[in-house]
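To be precise, the following lines are model-v5.txt, and they hold compact mmCIF, C-alpha atoms.
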# COMPACT_ATOMS: atom_id res chain seq x y z
CA MET M 1 10.11 -7.60 -1.47
CA ALA M 2 10.39 -11.35 -1.60
CA ALA M 3 10.57 -11.30 -5.38
CA SER M 4 13.41 -8.81 -5.40
CA ALA M 5 15.29 -10.90 -2.85
CA ALA M 6 15.23 -13.79 -5.27
CA THR M 7 16.20 -11.77 -8.32
CA HIS M 8 19.03 -9.60 -7.12
CA LYS M 9 21.23 -12.62 -6.49
CA GLU M 10 21.98 -12.67 -10.18
CA ARG M 11 22.79 -9.02 -10.32
CA GLN M 12 26.53 -8.92 -10.52
CA PHE M 13 27.52 -6.35 -13.13
CA LEU M 14 27.90 -2.65 -13.15
CA ALA M 15 26.74 -0.57 -16.08
CA VAL M 16 27.95 2.82 -17.08
CA ILE M 17 26.58 5.66 -19.19
CA GLY M 18 29.02 8.48 -19.54
CA ASP M 19 31.52 10.44 -21.54
CA GLU M 20 34.44 8.74 -23.16
CA ASP M 21 36.95 9.34 -20.39
CA SER M 22 34.72 8.06 -17.62
CA VAL M 23 33.77 4.99 -19.60
CA THR M 24 37.38 4.26 -20.53
CA GLY M 25 38.53 4.55 -16.96
CA LEU M 26 35.77 2.38 -15.60
CA LEU M 27 36.37 -0.20 -18.31
CA LEU M 28 40.03 -0.26 -17.33
CA ALA M 29 38.92 -1.10 -13.82
CA GLY M 30 37.28 -4.12 -15.41
CA ILE M 31 33.58 -3.53 -15.28
CA GLY M 32 33.00 -3.96 -19.00
CA HIS M 33 30.95 -6.94 -20.03
CA VAL M 34 29.54 -8.04 -23.35
CA THR M 35 26.93 -10.75 -23.29
CA ASP M 36 27.39 -13.82 -25.42
CA GLY M 37 25.18 -14.76 -28.29
CA PRO M 38 23.97 -13.02 -31.38
CA ASP M 39 22.20 -10.19 -29.57
CA ALA M 40 25.34 -9.17 -27.74
CA GLN M 41 24.71 -6.36 -25.32
CA ARG M 42 27.30 -4.08 -23.88
CA ASN M 43 26.89 -2.78 -20.39
CA PHE M 44 28.31 0.63 -21.24
CA LEU M 45 27.38 3.55 -23.43
CA VAL M 46 29.65 6.34 -24.52
CA VAL M 47 27.89 9.66 -24.71
CA ASP M 48 29.33 12.60 -26.57
CA SER M 49 27.84 15.81 -27.87
CA LYS M 50 26.44 14.04 -30.92
CA THR M 51 24.59 11.33 -29.00
CA GLU M 52 20.85 11.64 -29.19
CA THR M 53 18.95 12.02 -25.94
CA SER M 54 16.62 9.23 -27.05
CA GLU M 55 19.57 6.87 -27.27
CA ILE M 56 20.65 7.70 -23.73
CA GLU M 57 17.09 7.19 -22.65
CA ARG M 58 16.93 3.82 -24.34
CA ALA M 59 20.17 2.67 -22.75
CA PHE M 60 19.01 3.82 -19.35
CA GLN M 61 15.73 1.97 -19.73
CA SER M 62 17.49 -1.18 -20.88
CA PHE M 63 19.97 -1.09 -17.98
CA THR M 64 17.33 -0.37 -15.36
CA GLN M 65 14.30 -2.26 -16.63
CA ASP M 66 15.17 -4.95 -19.13
CA ARG M 67 18.44 -6.39 -17.96
CA LYS M 68 18.28 -8.37 -14.78
CA ASP M 69 22.00 -8.85 -14.28
CA ILE M 70 22.95 -5.27 -13.47
CA ALA M 71 23.32 -4.25 -9.86
CA VAL M 72 24.54 -0.68 -10.20
CA VAL M 73 24.09 1.84 -13.00
CA LEU M 74 26.72 4.55 -13.03
CA ILE M 75 25.77 7.63 -14.97
CA ASN M 76 27.66 10.85 -15.45
CA GLN M 77 25.90 13.71 -13.83
CA HIS M 78 25.79 15.87 -16.92
CA VAL M 79 24.32 12.92 -18.83
CA ALA M 80 21.79 12.32 -16.08
CA GLU M 81 20.86 15.95 -16.40
CA ARG M 82 19.73 15.29 -19.98
CA ILE M 83 17.34 12.53 -18.95
CA ARG M 84 16.61 14.00 -15.53
CA HIS M 85 12.94 13.06 -15.55
CA SER M 86 13.71 9.37 -16.13
CA VAL M 87 16.37 9.36 -13.45
CA ASP M 88 14.10 11.07 -10.97
CA ALA M 89 11.19 8.81 -11.84
CA PHE M 90 13.24 5.69 -11.29
CA ALA M 91 12.67 4.82 -7.64
CA GLU M 92 13.30 1.08 -7.51
CA PRO M 93 15.99 -0.17 -5.16
CA PHE M 94 17.46 -2.37 -7.91
CA PRO M 95 19.53 -1.52 -9.76
CA ALA M 96 21.03 1.35 -7.81
CA VAL M 97 21.43 4.41 -10.01
CA LEU M 98 24.47 6.40 -9.07
CA GLU M 99 25.39 9.77 -10.46
CA ILE M 100 29.11 10.24 -10.79
CA PRO M 101 31.14 13.30 -11.63
CA SER M 102 33.03 13.51 -14.90
CA LYS M 103 36.31 15.15 -15.72
CA ASP M 104 34.84 18.19 -17.38
CA HIS M 105 31.82 18.59 -15.15
CA PRO M 106 32.49 18.96 -11.44
CA TYR M 107 30.13 17.25 -9.11
CA ASP M 108 27.14 19.26 -8.01
CA PRO M 109 25.33 17.72 -5.03
CA GLU M 110 22.33 19.99 -5.62
CA LYS M 111 21.36 18.10 -8.77
CA ASP M 112 21.69 14.56 -7.49
CA SER M 113 18.25 13.00 -7.20
CA VAL M 114 19.14 10.99 -4.11
CA LEU M 115 20.98 13.81 -2.40
CA LYS M 116 18.03 16.04 -3.13
CA ARG M 117 15.90 13.64 -1.13
CA VAL M 118 18.47 13.55 1.65
CA ARG M 119 18.48 17.31 1.84
CA ARG M 120 14.71 17.48 1.78
CA LEU M 121 14.45 14.97 4.61
CA PHE M 122 16.68 17.05 6.80
CA GLY M 123 14.87 20.18 5.83
CA GLU M 124 17.82 22.04 4.42
CA MET I 1 -12.24 13.66 18.06
CA SER I 2 -13.94 10.60 19.43
CA GLY I 3 -17.07 11.39 17.52
CA ALA I 4 -15.26 11.51 14.20
CA VAL I 5 -13.78 8.04 14.23
CA GLY I 6 -17.05 6.24 14.87
CA ARG I 7 -17.21 2.79 16.29
CA GLU I 8 -17.26 -0.79 15.20
CA PRO I 9 -20.58 -2.33 14.22
CA VAL I 10 -21.05 -4.71 17.14
CA PHE I 11 -23.92 -5.69 19.39
CA PRO I 12 -23.50 -4.37 22.89
CA THR I 13 -23.03 -7.65 24.66
CA ARG I 14 -20.60 -8.75 27.32
CA GLN I 15 -18.94 -11.06 24.86
CA SER I 16 -18.14 -8.33 22.38
CA LEU I 17 -16.99 -6.16 25.26
CA GLY I 18 -14.42 -8.82 26.08
CA LEU I 19 -13.45 -9.03 22.43
CA MET I 20 -13.02 -5.28 22.16
CA LYS I 21 -10.96 -5.14 25.32
CA SER I 22 -8.56 -7.78 24.03
CA LYS I 23 -8.46 -5.96 20.71
CA LEU I 24 -7.54 -2.73 22.43
CA LYS I 25 -4.81 -4.48 24.33
CA GLY I 26 -3.47 -6.01 21.13
CA ALA I 27 -3.54 -2.66 19.39
CA GLU I 28 -1.62 -1.03 22.20
CA THR I 29 1.02 -3.74 22.20
CA GLY I 30 1.31 -3.53 18.42
CA HIS I 31 1.55 0.21 18.57
CA SER I 32 4.41 0.21 21.01
CA LEU I 33 6.24 -2.48 19.05
CA LEU I 34 5.84 -0.68 15.74
CA LYS I 35 6.87 2.57 17.34
CA ARG I 36 10.06 0.96 18.53
CA LYS I 37 10.66 -0.57 15.11
CA SER I 38 10.19 2.78 13.46
CA GLU I 39 12.62 4.38 15.88
CA ALA I 40 15.24 1.74 15.24
CA LEU I 41 14.84 2.13 11.49
CA THR I 42 14.97 5.90 11.69
CA LYS I 43 18.18 5.73 13.67
CA ARG I 44 19.67 3.51 11.02
CA PHE I 45 18.31 5.75 8.30
CA ARG I 46 19.96 8.83 9.74
CA GLU I 47 23.23 7.02 10.00
CA ILE I 48 22.96 5.97 6.37
CA THR I 49 22.13 9.43 5.14
CA ARG I 50 25.11 10.82 7.00
CA ARG I 51 27.33 8.17 5.43
CA ILE I 52 25.88 8.86 1.98
CA ASP I 53 26.78 12.48 2.36
CA GLU I 54 30.33 11.58 3.32
CA ALA I 55 30.66 8.95 0.60
CA LYS I 56 29.51 11.40 -2.06
CA GLN I 57 32.19 13.86 -1.04
CA LYS I 58 34.75 11.07 -1.06
CA MET I 59 33.56 9.95 -4.48
CA GLY I 60 34.15 13.44 -5.84
CA ARG I 61 37.78 13.33 -4.69
CA VAL I 62 38.40 9.76 -5.83
CA MET I 63 36.98 10.36 -9.27
CA GLN I 64 39.12 13.43 -9.65
CA ILE I 65 42.27 11.45 -8.89
CA ALA I 66 41.16 8.70 -11.24
CA ALA I 67 40.52 11.16 -14.06
CA PHE I 68 43.95 12.60 -13.50
CA SER I 69 45.58 9.19 -13.80
CA LEU I 70 43.67 8.60 -17.00
CA ALA I 71 45.05 11.87 -18.32
CA GLU I 72 48.51 10.57 -17.44
CA VAL I 73 47.79 7.46 -19.48
CA SER I 74 46.74 9.33 -22.60
CA TYR I 75 49.85 11.49 -22.23
CA ALA I 76 52.11 8.45 -21.93
CA VAL I 77 50.43 6.43 -24.65
CA GLY I 78 50.36 9.49 -26.80
CA GLY I 79 46.98 8.85 -28.29
CA ASP I 80 43.44 7.96 -27.55
CA ILE I 81 43.04 4.51 -26.09
CA GLY I 82 39.33 4.82 -25.49
CA TYR I 83 38.27 3.08 -28.64
CA GLN I 84 40.70 0.21 -28.18
CA ILE I 85 39.53 -0.35 -24.64
CA GLN I 86 35.88 -0.26 -25.56
CA GLU I 87 36.43 -2.83 -28.21
CA SER I 88 38.49 -5.18 -26.11
CA ALA I 89 36.12 -5.24 -23.15
CA LYS I 90 34.50 -8.66 -23.17
CA GLN I 91 34.21 -10.16 -19.72
CA ALA I 92 33.70 -8.25 -16.55
CA ARG I 93 36.57 -8.70 -14.14
CA PHE I 94 35.09 -6.46 -11.53
CA ARG I 95 31.80 -7.80 -10.28
CA VAL I 96 29.56 -7.33 -7.30
CA ARG I 97 27.51 -9.70 -5.23
CA ALA I 98 24.65 -8.78 -2.98
CA LYS I 99 24.53 -9.70 0.67
CA HIS I 100 21.80 -9.04 3.14
CA GLU I 101 21.77 -7.26 6.38
CA ASN I 102 18.81 -7.53 8.68
CA VAL I 103 17.71 -4.36 10.41
CA SER I 104 14.60 -4.99 12.56
CA GLY I 105 13.08 -7.34 10.06
CA VAL I 106 14.03 -5.31 6.97
CA LEU I 107 16.47 -6.88 4.57
CA LEU I 108 18.99 -4.35 3.39
CA PRO I 109 21.16 -5.41 0.49
CA GLN I 110 24.83 -4.74 0.59
CA PHE I 111 26.91 -4.95 -2.52
CA GLU I 112 30.27 -6.48 -2.16
CA SER I 113 32.78 -6.16 -4.93
CA TYR I 114 35.03 -8.97 -6.00
CA THR I 115 37.29 -9.55 -8.95
CA GLN I 116 36.81 -12.49 -11.22
CA GLU I 117 40.20 -14.11 -11.44
CA GLY I 118 41.71 -15.02 -14.75
CA VAL I 119 39.84 -12.45 -16.77
CA ASN I 120 41.98 -9.80 -18.34
CA ASP I 121 40.71 -8.08 -21.43
CA PHE I 122 43.45 -5.51 -21.55
CA GLY I 123 46.51 -7.68 -21.62
CA LEU I 124 47.80 -6.04 -24.72
CA THR I 125 46.74 -2.50 -24.02
CA GLY I 126 49.72 -0.24 -23.66
CA LEU I 127 52.11 -2.87 -24.83
CA GLY I 128 54.02 -0.38 -26.88
CA LYS I 129 54.33 2.33 -24.28
CA GLY I 130 52.60 3.57 -21.20
CA GLY I 131 52.01 0.12 -19.77
CA GLN I 132 53.01 1.21 -16.30
CA GLN I 133 50.70 4.20 -16.36
CA ILE I 134 47.88 2.03 -17.54
CA GLN I 135 48.50 -0.41 -14.72
CA ARG I 136 48.43 2.42 -12.19
CA CYS I 137 45.32 3.85 -13.78
CA ARG I 138 43.59 0.50 -13.52
CA GLU I 139 44.38 0.28 -9.84
CA THR I 140 43.18 3.80 -9.23
CA TYR I 141 39.96 3.17 -11.07
CA ALA I 142 39.43 -0.14 -9.27
CA ARG I 143 39.65 1.73 -5.97
CA ALA I 144 37.28 4.38 -7.29
CA VAL I 145 34.78 1.73 -8.35
CA GLU I 146 34.97 0.17 -4.91
CA THR I 147 33.96 3.51 -3.45
CA LEU I 148 31.17 3.72 -5.98
CA VAL I 149 29.90 0.25 -5.08
CA GLU I 150 29.93 1.16 -1.42
CA LEU I 151 27.97 4.27 -2.22
CA ALA I 152 25.55 2.28 -4.33
CA SER I 153 24.76 -0.09 -1.49
CA LEU I 154 24.26 2.83 0.86
CA GLN I 155 21.95 4.41 -1.65
CA THR I 156 19.94 1.24 -2.14
CA ALA I 157 19.62 0.83 1.61
CA PHE I 158 18.53 4.45 1.76
CA LEU I 159 15.75 3.92 -0.78
CA ILE I 160 14.49 0.73 0.84
CA LEU I 161 14.61 2.17 4.34
CA ASP I 162 12.82 5.29 3.19
CA GLU I 163 9.99 3.18 1.84
CA VAL I 164 9.80 0.89 4.87
CA ILE I 165 9.86 3.77 7.35
CA LYS I 166 7.00 5.40 5.52
CA VAL I 167 4.94 2.21 5.71
CA VAL I 168 5.73 1.64 9.38
CA ASN I 169 4.93 5.22 10.30
CA ARG I 170 1.68 5.00 8.42
CA ARG I 171 0.77 1.92 10.44
CA VAL I 172 1.78 3.55 13.72
CA ASN I 173 -0.36 6.55 12.94
CA ALA I 174 -3.29 4.43 11.82
CA ILE I 175 -3.21 2.48 15.08
CA GLU I 176 -2.70 5.56 17.18
CA HIS I 177 -5.30 7.78 15.58
CA VAL I 178 -7.89 5.42 14.17
CA ILE I 179 -7.89 1.93 15.61
CA ILE I 180 -7.29 2.75 19.27
CA PRO I 181 -9.83 5.62 19.52
CA ARG I 182 -12.29 3.55 17.59
CA THR I 183 -11.95 0.57 19.89
CA GLU I 184 -12.11 2.79 22.94
CA ASN I 185 -15.22 4.35 21.54
CA THR I 186 -16.76 0.96 21.00
CA ILE I 187 -15.93 -0.10 24.55
CA LYS I 188 -17.48 3.09 25.87
CA TYR I 189 -20.56 2.48 23.78
CA ILE I 190 -20.92 -1.12 24.93
CA ASN I 191 -20.44 -0.08 28.54
CA SER I 192 -23.07 2.60 28.32
CA GLU I 193 -25.51 0.22 26.65
CA LEU I 194 -24.85 -2.42 29.27
CA ASP I 195 -25.39 0.15 32.05
CA GLU I 196 -28.61 1.17 30.42
CA LEU I 197 -29.74 -2.46 30.35
CA ASP I 198 -28.76 -2.83 34.00
CA ARG I 199 -30.80 0.18 34.99
CA GLU I 200 -33.77 -1.07 33.03
CA GLU I 201 -33.52 -4.45 34.66
CA PHE I 202 -33.26 -2.89 38.10
CA TYR I 203 -36.30 -0.73 37.47
CA ARG I 204 -38.28 -3.70 36.22
CA LEU I 205 -37.40 -5.77 39.26
CA LYS I 206 -38.40 -2.92 41.51
CA LYS I 207 -41.74 -2.66 39.75
CA VAL I 208 -42.35 -6.37 40.06
CA SER I 209 -41.54 -6.46 43.75
CA ASN I 210 -43.76 -3.42 44.34
CA LYS I 211 -46.66 -5.17 42.68
CA LYS I 212 -46.06 -8.32 44.67
CA GLN I 213 -46.06 -6.34 47.90
CA ARG I 214 -49.32 -4.68 46.95
CA ASP I 215 -50.91 -8.01 46.11
CA THR I 216 -49.86 -9.60 49.38
CA ALA I 217 -51.12 -6.63 51.35
CA ALA I 218 -54.53 -6.87 49.65
CA ALA I 219 -54.74 -10.60 50.28
CA ASP I 220 -53.85 -10.12 53.95
CA ALA I 221 -56.53 -7.52 54.40
CA GLU I 222 -59.11 -9.80 52.83
CA ILE I 223 -58.25 -12.69 55.12
CA LEU I 224 -58.28 -10.44 58.12
CA ALA I 225 -61.74 -9.20 57.21
CA ALA I 226 -63.00 -12.73 56.69
CA ARG I 227 -61.70 -13.83 60.07
CA GLN I 228 -63.28 -10.92 61.90
CA GLN I 229 -66.56 -11.70 60.30
CA ALA I 230 -66.30 -15.31 61.40
CA GLU I 231 -65.59 -14.28 64.95
CA GLU I 232 -68.41 -11.82 65.15
CA LYS I 233 -71.16 -14.15 63.94
CA PRO I 234 -71.40 -16.56 66.92
CA ARG I 235 -71.29 -13.71 69.44
CA ASN I 236 -74.42 -11.82 68.45
CA GLY I 237 -77.73 -13.68 68.60
CA THR I 238 -78.64 -17.31 69.03
CA PRO I 239 -76.39 -19.62 67.39
CA GLU I 240 -78.39 -20.84 64.55
CA GLU I 241 -78.15 -24.22 63.32
CA PRO I 242 -75.76 -23.67 60.63
CA GLU I 243 -77.13 -24.64 57.42
CA ALA I 244 -75.61 -27.83 56.42
CA PRO I 245 -73.27 -26.84 53.77
CA ASP I 246 -73.88 -28.37 50.54
CA VAL I 247 -70.78 -30.39 50.37
CA LEU I 248 -71.51 -31.57 46.97
CA GLY I 249 -72.38 -28.10 45.75
CA GLU I 250 -70.50 -25.99 43.46
CA GLN I 251 -69.31 -23.50 46.01
CA GLU I 252 -66.06 -24.35 47.49
CA ASP I 253 -64.70 -23.90 50.92
CA THR I 254 -62.54 -20.95 51.50
CA ASP I 255 -59.03 -21.88 52.25
CA VAL I 256 -58.23 -22.13 55.85
CA ILE I 257 -55.26 -20.05 56.77
CA PHE I 258 -53.68 -20.38 60.13
Would you write the structure of this file as structure tokens?
Amino acid sequence: MAASAATHKERQFLAVIGDEDSVTGLLLAGIGHVTDGPDAQRNFLVVDSKTETSEIERAFQSFTQDRKDIAVVLINQHVAERIRHSVDAFAEPFPAVLEIPSKDHPYDPEKDSVLKRVRRLFGE
Amino acid sequence: MSGAVGREPVFPTRQSLGLMKSKLKGAETGHSLLKRKSEALTKRFREITRRIDEAKQKMGRVMQIAAFSLAEVSYAVGGDIGYQIQESAKQARFRVRAKHENVSGVLLPQFESYTQEGVNDFGLTGLGKGGQQIQRCRETYARAVETLVELASLQTAFLILDEVIKVVNRRVNAIEHVIIPRTENTIKYINSELDELDREEFYRLKKVSNKKQRDTAAADAEILAARQQAEEKPRNGTPEEPEAPDVLGEQEDTDVIF
């Protein structure tokens, strides 16, 4: 716990994995960030029907494990559905993984990994 | 129950009895404190879960409005601006910082959003047409992201609290069902052993005093007999010249008891 207290001070960005509309909107809000240097990394990934699941997986891993400057990972629910096992397996408090609805896919609270835990705790 | 938990490996002495008693007292104090901590955390936890539920519903609405305003933008601009925006994003304007909130010794992070001034990657976006819609869309999305950040901090607090409550409850249960019965068992054991020692000691003392009494009685009887004999001798018959005792001999005088 002490280690995380020291590290999450530097976490100041949001990351997003989602379809084009969600990413565009969130970028308009100003969350987009590209790191300097030769190995420039974007903190967003646009997923469409042609995107490989392995690529989503890789982006998710990089946002949650490798990068230490991301505080919140936003992921479209239908994208999260494709890598459900990774999302469910990720139980660290940092970064917070948040499933968001997209334009074409209405939000389904039954699938959310956190809400599932909430429901289970209250025995519903 | 008490048989299953066993007892601590101690020697049944008064010292360890004192130790065990203070240990039991400490365990009871700790138990009540931890219980209270767990209750405070659980109260907080329930509040957070309720707020998560609400925030998720709110998020659904907010995102819907935001998506609608984005649709307005693409209608006004008359084309896809997604690619342009993805390419022009360089520096994050919208950032978060983490603050801490202390709930009964547990640090809960709280994200707070702020905007980095002077960073605007989309100055030229929508220059031709649809600039107003884009501006509105940005504001809508900024509000949506604020909701999302709020939700994210709730969710993080939820995960941390969940973990901490589990640990605390495990400790409470361990103290309640293992440490306290075990210590009580040990105290009972030490007490019974000490009682046993007491009884043994009492029995031994009784034996010793019995033997002493017997010995004294025998000695008394002997002396009495000796005295009677001494009295009887001068009475019957002529008093003989008592043989001069051999003072220097080996035989010793009997002790004179008055």
From the options I:Ala219, I:Met63, I:Ala27, I:Val106, which residue's atoms come nearest to Glu163 of chain I, counting all atoms listed in the file?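 Closest residue, counting all atoms listed in the file: I:Val106.
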Between M:Asp66, M:Glu55, M:Asp39, M:Asp108, which is the closest to chain I once you count all atoms listed in the file?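 For chain I, the nearest of the given residues is M:Asp108.
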Per residue of chain I within 7 Å of chain M, record the nearest atom pair and its distance in Å to one decimal, counting only C-alpha atoms, with rows in chain order and ascending residue number, as JSON lines.
{"residue": "I:Thr49", "atom": "CA", "partner": "M:Val118", "partner_atom": "CA", "distance": 6.5}
{"residue": "I:Gly60", "atom": "CA", "partner": "M:Tyr107", "partner_atom": "CA", "distance": 6.4}
{"residue": "I:Met63", "atom": "CA", "partner": "M:Pro101", "partner_atom": "CA", "distance": 7.0}
{"residue": "I:Gln64", "atom": "CA", "partner": "M:Lys103", "partner_atom": "CA", "distance": 6.9}
{"residue": "I:Ala67", "atom": "CA", "partner": "M:Lys103", "partner_atom": "CA", "distance": 6.0}
{"residue": "I:Leu70", "atom": "CA", "partner": "M:Gly25", "partner_atom": "CA", "distance": 6.5}
{"residue": "I:Gly82", "atom": "CA", "partner": "M:Thr24", "partner_atom": "CA", "distance": 5.4}
{"residue": "I:Ile85", "atom": "CA", "partner": "M:Thr24", "partner_atom": "CA", "distance": 6.5}
{"residue": "I:Gln86", "atom": "CA", "partner": "M:Thr24", "partner_atom": "CA", "distance": 6.9}
{"residue": "I:Ala89", "atom": "CA", "partner": "M:Gly32", "partner_atom": "CA", "distance": 5.3}
{"residue": "I:Lys90", "atom": "CA", "partner": "M:Val34", "partner_atom": "CA", "distance": 5.0}
{"residue": "I:Gln91", "atom": "CA", "partner": "M:His33", "partner_atom": "CA", "distance": 4.6}
{"residue": "I:Ala92", "atom": "CA", "partner": "M:His33", "partner_atom": "CA", "distance": 4.6}
{"residue": "I:Arg93", "atom": "CA", "partner": "M:Gly30", "partner_atom": "CA", "distance": 4.8}
{"residue": "I:Phe94", "atom": "CA", "partner": "M:Ile31", "partner_atom": "CA", "distance": 5.0}
{"residue": "I:Arg95", "atom": "CA", "partner": "M:Phe13", "partner_atom": "CA", "distance": 5.3}
{"residue": "I:Val96", "atom": "CA", "partner": "M:Gln12", "partner_atom": "CA", "distance": 4.7}
{"residue": "I:Arg97", "atom": "CA", "partner": "M:Gln12", "partner_atom": "CA", "distance": 5.4}
{"residue": "I:Ala98", "atom": "CA", "partner": "M:Lys9", "partner_atom": "CA", "distance": 6.2}
{"residue": "I:Arg138", "atom": "CA", "partner": "M:Ala29", "partner_atom": "CA", "distance": 4.9}
{"residue": "I:Glu139", "atom": "CA", "partner": "M:Ala29", "partner_atom": "CA", "distance": 6.9}
{"residue": "I:Tyr141", "atom": "CA", "partner": "M:Ala29", "partner_atom": "CA", "distance": 5.2}
{"residue": "I:Ala142", "atom": "CA", "partner": "M:Ala29", "partner_atom": "CA", "distance": 4.7}
{"residue": "I:Ala152", "atom": "CA", "partner": "M:Ala96", "partner_atom": "CA", "distance": 5.8}
{"residue": "I:Gln155", "atom": "CA", "partner": "M:Ala96", "partner_atom": "CA", "distance": 6.9}
{"residue": "I:Thr156", "atom": "CA", "partner": "M:Pro93", "partner_atom": "CA", "distance": 5.2}
{"residue": "I:Leu159", "atom": "CA", "partner": "M:Pro93", "partner_atom": "CA", "distance": 6.0}
{"residue": "I:Ile160", "atom": "CA", "partner": "M:Pro93", "partner_atom": "CA", "distance": 6.2}
Go ahead and save the picked residues with C-alpha atoms, as a compact mmCIF listing (two decimals), in the frame of the given file.
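Output (out.txt):
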# COMPACT_ATOMS: atom_id res chain seq x y z
CA THR I 49 22.13 9.43 5.14
CA GLY I 60 34.15 13.44 -5.84
CA MET I 63 36.98 10.36 -9.27
CA GLN I 64 39.12 13.43 -9.65
CA ALA I 67 40.52 11.16 -14.06
CA LEU I 70 43.67 8.60 -17.00
CA GLY I 82 39.33 4.82 -25.49
CA ILE I 85 39.53 -0.35 -24.64
CA GLN I 86 35.88 -0.26 -25.56
CA ALA I 89 36.12 -5.24 -23.15
CA LYS I 90 34.50 -8.66 -23.17
CA GLN I 91 34.21 -10.16 -19.72
CA ALA I 92 33.70 -8.25 -16.55
CA ARG I 93 36.57 -8.70 -14.14
CA PHE I 94 35.09 -6.46 -11.53
CA ARG I 95 31.80 -7.80 -10.28
CA VAL I 96 29.56 -7.33 -7.30
CA ARG I 97 27.51 -9.70 -5.23
CA ALA I 98 24.65 -8.78 -2.98
CA ARG I 138 43.59 0.50 -13.52
CA GLU I 139 44.38 0.28 -9.84
CA TYR I 141 39.96 3.17 -11.07
CA ALA I 142 39.43 -0.14 -9.27
CA ALA I 152 25.55 2.28 -4.33
CA GLN I 155 21.95 4.41 -1.65
CA THR I 156 19.94 1.24 -2.14
CA LEU I 159 15.75 3.92 -0.78
CA ILE I 160 14.49 0.73 0.84
Which polymer residues have any atom within 8 Å of an atom of segment 190-202 of chain I, counting only C-alpha atoms, with same-chain residues fewer than 4 positions away left out, as number ranges by chain? I: 11-14, 17, 186, 206
To one decimal in Å, tell me the separation between atom CA of Gly18 of chain I and atom CA of Asn185 of chain I.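 Interatomic distance, atom CA of Gly18 of chain I to atom CA of Asn185 of chain I: 14.0 Å.
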Residue among I:Leu107, I:Ile175, I:Val208, I:Ala230 lying closest to Leu33 of chain I, counting all atoms listed in the file: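 Selected residue with least distance to Leu33 of chain I: I:Ile175.
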Atomic distance atom CA of Pro181 of chain I - atom CA of Arg7 of chain I, expressed in Å with one decimal: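 Atom-to-atom, atom CA of Pro181 of chain I and atom CA of Arg7 of chain I are spaced 8.5 Å apart.
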Counting all atoms listed in the file, find the residues whose atoms lie at most 6 Å from (-17.0, -7.5, 18.8) (file coordinates) and write them out as a PDB file with C-alpha atoms, in the frame of the given file.
ATOM      1  CA  VAL I  10     -21.050  -4.710  17.140  1.00  0.00           C
ATOM      2  CA  SER I  16     -18.140  -8.330  22.380  1.00  0.00           C
ATOM      3  CA  LEU I  19     -13.450  -9.030  22.430  1.00  0.00           C
ATOM      4  CA  MET I  20     -13.020  -5.280  22.160  1.00  0.00           C
TER       5      MET I  20
END
Could you tell me how far atom CA of Arg61 of chain I lies from atom CA of Asn76 of chain M, in Å and to one decimal? 15.0 Å
